[in-house]
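Asker: Structure incoming, see below.
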Amino acid sequence: MKAFLDDWGLTILTFLPMAGALVVMTIPKINEGLIKAVTLLATLATAAMAALLLGWFSLDEAGSLQYVVDHSWIDVINSRYIMGLDGISLPLVLLTVLVVPLCVIYSFKHLPEPRNPKAFLSLLLILETGMVGTFVAQDLILFFVFFEVVLLPMYFMIGVWGGENRRYAAIKFFLYTLFGSALMLISFLALFFLADGTLAGLQEVNTFDMRALSEGATTAIARTSQLWIFAGMFLGFGVKVPIFPFHTWLPDAHTEAPTVGSVILAAVLLKLGTYGFVRIALPMLPEAAAAWAPVIGLLAVIGIIYGALGCLAQRDMKRLIAFSSVAHMGFVMLGIATMTDFGINAAVFGMVAHGLITGMLFFLAGSVKERYHTLDMSRLGGLLAQAPKMGWMLGFCAMASLGLPGLAGFWGEFPAILASYNPAGILSEVVFRSYMVVAAVGTVLAAGYLLWMLQKAAFGTPREEFANSPDIKDVTKWEYMAWAPMLVLIVALGFYPRLIHEASDPAVGESLVVNVGDEVYGCLEDEDGIDCFEDLRASSAARSQNS
Amino acid sequence: MGWTTSAAAATQTTASVLAAETSEAAEEVLAASGWFLENAWLIPAFPALSFLLILFFGKRFPKRGSEIGILAVGASLVFALAAAIQWISEVNRADDKNAALDAVSTTWTWWQNGGINFTFGTLVDGLAVTLLVVVTIVSLLVHIYSTDYLADDRRYTHFFAFLSFFTASMLFFVLSENTLQMIVGWELVGVCSFVLIGHWWEEKPNSSAALKAMLTNRVGDIGLLVGVSVLFFAAGETFSVLELNERAISGNIEHLPLLVGACALTAAVLSKSGQFFLHTWLPDAMAGPTPVSALIHAATMVVAGVYLIARLYGVFFEGFAIAGSSVNLLAVIGGITTLVGASLAFVQRDIKRVLAYSTISQLGYMVLALGVGAWTAAVFHLFTHAFFKACLFLGSGSVSHAVHSFDMKSDMGGLRKYMPHTYRTFMIASLALAGLPPLAGFWSKDEILAGTGGWGLVGGTGGNGAYTVMLVMGLITAALTAAYMTRCVYLTFFGQYRGHGQPHESGPRIVVPLWILAVLAVGAGWLNLPPGFQLVPENWTERFGHFVEPNEALSYFPKIAHADPSWTLAILSAVVALAGIALAGRYYFGKVAAVSPSATELSDGMVARSSLAAAGHNLLVNKYYLDHLYSGVIAGGVKGPIARAAYKFNQDGIDKVVNEVGERAVQAGHFAYDVIDQKVVDGMVNSSGVAPQLAGEEIRRMQTGKVQTYAGIVFIAAALLALGFIVFL
């Protein structure tokens, strides 16, 4: 079994949904039941595959890539088909394969207009392939391909099944992300060309192999070039996260997207950006990352405050939740910007927690909309009276989202604050401690907008127009099925953060400390890191000349 | 008494030599052992389990879940008492060997990350045991009381579920072995408070009060998060309470981070324990059901901040340099709070609000005590206050049960005839709060006053410093307290009944808890009688301090000095309280009652006659305008203009740029298509006649799609940039 998983595990995991999509496409449109069944089966099979991989995953070696496949792919540019799974990818892959089937289940009874389950569900499956692929790809071109594969299905999901302003939102989403990924691609190419030959353990050949690049790119590339390359990646990943001020696509996309689209967007798509920082930008260019970190940190804390203020200005519940993503992803980025293993662990946790919590909030917003036909908070009210269970779930998720300890959100938020008190040695303590205080202030605002939303939507008595509405019923069977796993996980992770840290901790340590090498890590912890990196580059150049 | 300031040593009296017995420096440290001490985690586990049971299955039980809660909290009480007994016997065992008894710390690894080991566990010592007993006793009584008080409530089961959850969270907090765990407990009790204040969320004022409580506490929580972070790194990466204290005391933490950490944590105390200037949520929190006010907003949750200081006393004591000083942040905050609370209690119509401001004032006493280094006095006051204040709150609930209102002026009066039990217990608890001997409040308040070290007339010196200002503040508050309680008692129980219907005494499930608390309000103070007064045998004195205060041989507790008890000060504080009663009594029982039995104030009183008094009254009625500042200016500003401005900037600033770029790109696309593609390129193609018409159509169709146009432009731009990049770098 292990041998089979080693050879085929990740490939099957990635392409099983795609295969499912192909099958769905052959089924006649009229046969809705079969289409849904096949989709669910495909996503469940993918989840089962992930469970198998998890079962055979060696947690003791969570730091190193497992199930690695490495085949030739595009020889001309020496891009290879490399996939692997480590403790950073694992939680995100699991999150993806969990959320997608739940979305499918939810879609059974909540298919947005203009219906067409065949197209909708095929897109969902293609999306899953793209997302899983991004998290397991270990070659920059392969990564880029998967990163882009995600784009089109989401574009269509918003553009076809979205709200009133869907065309604008969809195009904005598409172009904005594309703009970012174009710059990202440039950076990848620059890495490819500049980090040649001198890399540890490689022949004189350019490579897109992420494993090799993270082992030595930093000593091979001049500081200025690094800064530019990092800037490109920063834009590429930053748009996706989204980091302030590149976030304006997000509220529109979220508001207009169908419920399931919003859920996927919040739960997984945003994580592609932060994952890129953790997996690619930081390990490959630690020096540039350290130079950019104060900027990233600044934008992160601006995002925390700004996103919260944006929330407070909303009338539409869904748009409020969308803005809250800007604030929450700010905490994730702050954790990353500290460049400590503690902070990055917090970021990984924050990604999963935000995925579950905000995903759930979007589910709830979707179901509220379905019942009340509006999300205008000045018209809502009394959800707790009319649909008590749903009201409680909304309260629960609001608490989780505002970072209540004992629920998942807290372990992404507080450790990020803690980490920014003591960032990597190369970074300024004064600057990051100021960020810490601003971020802590952000937690108050988070409580403010979430509780305000709760008060508007759940407390009070229902308005006359909805008082006797037959549409307003409590949580249905299908909603329970779709939501229960997420709710349970929010509690489980809150009580036992080890569930993620057990995997992520060794992997973060590996990518930040071991892979980059002791010398580079030493420079990161050095107050005079800039000089340290210069010396390192000089000695590395001298070494390669000697040999 | 092993350690005193040199100035105080000269004035040591016989009494203080006798007092020395309680904290004689032990020669060795003995590890406490005992099943209940080591398995203290069970105490919060019972109500935690009961929360889940009630939440999911409560409605199926005959008593709709309340019996599960009572059973669970009862079990917790038994275990807490067992732990207390075991602790006392361990202290006695240690005494026999002339040893100090160490705290029982049990830890498990929670998780690891970034090379840091996160643990959770229990820390049991005298302080923790005290709180365990207080919380479980009051919680159990409140449970029983609620079965009657909320019998017809629309969400009875839900109420009991959250009562259990609160009890579990509070006990979890009390047992916290490290600061991270404290954050968890701290926030969980906060959320229980939110849910229970908003129990009747149909009405807007209730949900608004709940929101206000949560948000104000969140403001303080900034301090908690920052303070814990600062101390974590300053102490060499540890959350452990014992280690933080040890390192602070031994000087292993630099003073600046220690001070910053202590200040930040003080901010957290401000909100949670209702200290000035973050106290404004507490009176509003009275929107919750009365049992909740008694349990959460009087006896237990609001003392969490006091407990935090007491628990991390090494950090605060060293951080604020409490020894040898005469002023510090904690003492000042406590002093101001105690005055602010007491003064505001005067102008309330709502009986629960009187009690709420009184709670603020008494919490101020506790913080003041901790600020002047009178640690045991603070904890002791926490202990006694829990009983008499819970009694008062539950009594006010009993009254409102009868008259269906909390408004003293319009709906009460003369109730002593209708509700004898409620009246008697309320009187006892009021006198205890007013601080008349020999009731509980007298002893604990007197210890605080003596602990300031600011007195000098036969004893009352030898404290950590000469906090004379705090002593004066404390004495003024003592008078004010006695006076506003006199007013409250008069308006409620004396004069003529002003409400509707026929009031009646409450049933046994309400009255019995009242009597139990009243008995405790009398007797609890005798646990820590001051030595040297010759009232009782000396080995009966200072029992509480002896068992609760960590021995000074223990490295986790700072070397605090103990001021000598002073009988002159004790008499003065009693006189001051009596004077307060006399003054208020002359006004109400004398003048007001003379006007009419149903009068509540004099129409030609001070406020009417003097513009200065009217201004003062106005200031108090408007609660020092703090609510206007917070709700109107700050919250209103953030939520209104600031949030709107940020959003406008988002839409008309940033987003406009985005849209502009998009439009320009489209224009460029049109230009490229219309001019270059159609006229130049296509023109050339057409004129050459090579391209088949069909393919041209196909291309055109593709290109008119907006997305493709954009995508094309972006990719071309990217390619050009890439080229430039590679060439130039």
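In the structure tokens, chains take the letters A, B, ... in the order shown, each chain's residues start at 1, and ligands count up from 1 in the order shown.
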Compute the chain B side of the contact with chain A at 6 Å, counting only C-alpha atoms, and hand it back as a ChimeraX atom specification.
Answerer: /B:111,113-114,184,201-203,218-219,222,229,639,643-644,647,655,718,722
Asker: Find the residue from A:Ala48, A:Leu121, A:Val68, A:Leu98 that sits nearest to Gly33 in chain A; use only C-alpha atoms when measuring.
Answerer: A:Leu121
Asker: Tell me, as a PyMOL selection string, which residues lie within 8 Å of Val458 in chain B, counting only C-alpha atoms; anything in the same chain fewer than 6 positions away does not count.
Answerer: chain B and resi 566-568
Asker: For Ser325 in chain A, find every residue with an atom within 8 Å (counting only C-alpha atoms), except residues of its own chain fewer than 2 positions away, and show them as a PyMOL selection string.
Answerer: chain A and resi 266+307+321-323+327-329+354+358
Asker: With C-alpha atoms retained, export the selected residues as a compact mmCIF listing (two decimals), in the first residue's frame.
Answerer:
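File written: result_18.txt
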# COMPACT_ATOMS: atom_id res chain seq x y z
CA ALA A 266 -12.80 32.05 1.74
CA GLY A 307 -10.77 45.51 7.17
CA ILE A 321 -18.07 38.77 6.29
CA ALA A 322 -16.07 39.37 3.14
CA PHE A 323 -14.37 42.40 4.64
CA ALA A 327 -8.76 41.63 8.66
CA HIS A 328 -8.24 37.96 9.44
CA MET A 329 -5.79 37.36 6.69
CA HIS A 354 -10.05 31.10 8.96
CA THR A 358 -15.29 32.12 7.54
Asker: Which residues come within 8 Å of Ala217 in chain A, counting only C-alpha atoms, excluding same-chain residues fewer than 2 positions away, as a PyMOL selection string?
Answerer: chain A and resi 191+195+199+213-215+219-221+284-285
Asker: Give the answer as one residue: which of A:Pro485, A:Pro91, A:Pro388, A:Gly494 has the shortest atom-to-atom distance to Ser401 in chain A, using only C-alpha atoms?
Answerer: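 Answer, going by the shortest atom-to-atom distance: A:Gly494.
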Asker: For a quick check of understanding, using only C-alpha atoms, which of B:Phe387, B:Trp110, B:Phe233, B:Leu392 has the smallest distance to Pro423 in chain A?
Answerer: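 Nearest candidate to Pro423 in chain A out of B:Phe387, B:Trp110, B:Phe233, B:Leu392: B:Phe233.
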Asker: Can you pull out every residue from range 135-367 of chain B that DSSP, working from the backbone, puts in alpha helix (DSSP H), and format the result as JSON, numbers by chain?
Answerer: {"B": [135, 136, 137, 138, 139, 140, 141, 142, 143, 144, 145, 146, 147, 148, 149, 156, 157, 158, 159, 160, 161, 162, 163, 164, 165, 166, 167, 168, 169, 170, 171, 172, 173, 174, 179, 180, 181, 182, 183, 184, 185, 186, 187, 188, 189, 190, 191, 192, 193, 194, 195, 196, 197, 204, 205, 206, 207, 208, 209, 210, 211, 212, 213, 214, 215, 216, 217, 218, 219, 220, 221, 222, 223, 224, 225, 226, 227, 228, 229, 230, 231, 232, 233, 234, 241, 242, 243, 244, 245, 246, 247, 248, 249, 255, 256, 257, 258, 259, 260, 261, 262, 263, 264, 265, 266, 267, 268, 269, 270, 271, 272, 281, 282, 283, 284, 290, 291, 292, 293, 294, 304, 305, 306, 307, 308, 309, 310, 311, 313, 314, 315, 316, 317, 318, 319, 329, 330, 331, 332, 333, 334, 335, 336, 337, 338, 339, 340, 341, 342, 343, 344, 345, 351, 352, 353, 354, 355, 356, 357, 358, 359, 360, 361, 362, 363, 364, 365, 366, 367]}
